[in-house]
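Note sheet for the following structure.
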Amino acid sequence: MNPKLMFFSNLLKKPTEVAALVPSSKYVINSVIKNIDFKNAKCIVEYGPGVGTITKEVLKNLAPDAKLICFELNLKFCKFLDKNLKDSRLIIVNDTAENLDFHMKKLKIGNIDYVFSGIPFSLIKKENKKFIIKKTRGSLRQGGRFIIYQYSQHVKKYLKIYFKKISTHLEVRNIPPNFVFVCEKT
């Protein structure tokens with residue numbers, strides 16, 4: 001199935017899981033990946049890869065010995081990614097980001113260099129949102145980054161609880177425009 005059609009059909013079936021009208025534009029993708037030092041990254045995590053729009057670009061730049069671990073709740077998206085992105089560096093986890101530490105232990109991975117996410121934080125319960133952000137910060141290495149792209153600035157107040165260093169960029173060349181937050185663990 002065509003990735004855009006797959007994305008849209010899943011939006012109609014599960015709007016709170018997908019929560020986007022179309023996959024991210026190349027401008028949002030660039031806003032995310034420009035904040036990743038691929039030469040030194042050994043472990044990158046993605047929350048909510050959907051049909052893999054950003055995942056593909058990360059894999060193009062990922063070092064041969066690095067890993068990309070994708071957390072996706074939607075089983076159809078997981079199957080789509082598994083079928084369409086054949087790469088030994090890619091690990092697809094059909095689970096919520098709330099279980100990050102469980103899967104990192106299971107995979108024998110210590111600290112994470114980068115986490116990027118497009119999951120709809122505005123639709124997630126307050127306590128779950130804080131839990132995900134806290135777990136993410138705790139799993140990042142010192143100097144690691146949590147990169148979030150969202151339609152609103154709603155998540156920023158929660159990011160400020162756990163991160164002291166946050167930069168914000170508005171990418172208007174997306175439908176609708178996206179805010180890109182880059183949070184660094186200091």
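Chain identifiers are assigned as A, B, and so on, following the order in which chains appear in the structure tokens; residues are numbered from 1 within each chain, and ligands are numbered from 1 in order of appearance.
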
Identify, on the basis of only C-alpha atoms, every residue whose closest approach to stretch 58-62 of chain A does not exceed 8 Å; exclude the query and any residue fewer than 6 positions from it along the same chain; express the result as a PyMOL selection string. chain A and resi 33+38-39+41+68+89-90

Based on DSSP run over this structure's backbone, return all residues of stretch 18-118 of chain A in alpha helix (DSSP H), as a PyMOL selection string. chain A and resi 18+26-33+53-61+75-84+100-106

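Each of A:Gly50, A:Gly144, A:Lys56, A:Ile69 was checked against A:Ile36 using only C-alpha atoms; the smallest atom-to-atom distance is that of A:Gly144.
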
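When only C-alpha atoms are used to compute distances to A:Ser167, the closest of the residues A:Leu73, A:Cys183, A:Ile91, A:Ile29 turns out to be A:Cys183.
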
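Those residues that approach A:Cys78 to within 7 Å, counting only C-alpha atoms, are Glu72, Asn74, Asp82, Ile92 and Asn94 of chain A; same-chain residues fewer than 4 positions away are not listed.
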
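Contact shell of stretch 95-102 of chain A at 7 Å (only C-alpha atoms; same-chain neighbours under 4 positions omitted): Tyr47, Phe71, Glu72, Leu73, Lys106, Phe131 and Ile132 of chain A.
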
Please dump the current selection as a short mmCIF file (atom, residue, chain, number, x, y, z; two decimals), in the first residue's frame; keep N, CA and C atoms.
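Output file again_14.cif is given in full below:
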data_model
loop_
_atom_site.label_atom_id
_atom_site.label_comp_id
_atom_site.auth_asym_id
_atom_site.auth_seq_id
_atom_site.Cartn_x
_atom_site.Cartn_y
_atom_site.Cartn_z
N TYR A 47 10.02 7.88 18.54
CA TYR A 47 8.68 7.61 19.04
C TYR A 47 7.68 7.96 17.95
N PHE A 71 9.62 3.08 18.35
CA PHE A 71 8.47 2.70 19.17
C PHE A 71 7.21 3.14 18.45
N GLU A 72 6.37 2.18 18.09
CA GLU A 72 5.13 2.47 17.36
C GLU A 72 4.00 1.64 17.96
N LEU A 73 2.93 2.32 18.37
CA LEU A 73 1.76 1.64 18.94
C LEU A 73 0.90 0.95 17.89
N LYS A 106 16.17 -4.89 27.76
CA LYS A 106 15.99 -6.12 26.98
C LYS A 106 16.97 -6.18 25.80
N PHE A 131 5.61 11.44 32.32
CA PHE A 131 6.31 10.17 32.49
C PHE A 131 7.22 9.89 31.29
N ILE A 132 6.70 10.07 30.09
CA ILE A 132 7.49 9.83 28.86
C ILE A 132 8.67 10.79 28.80
#

Surrounding residues of A:Ser25 excluding itself and chain neighbours under 2 positions, 9 Å, only C-alpha atoms, as a list in words: Val22, Pro23, Tyr27, Val28, Ile29, Asn30, Thr53, Arg173, Asn174 and Ile175 of chain A
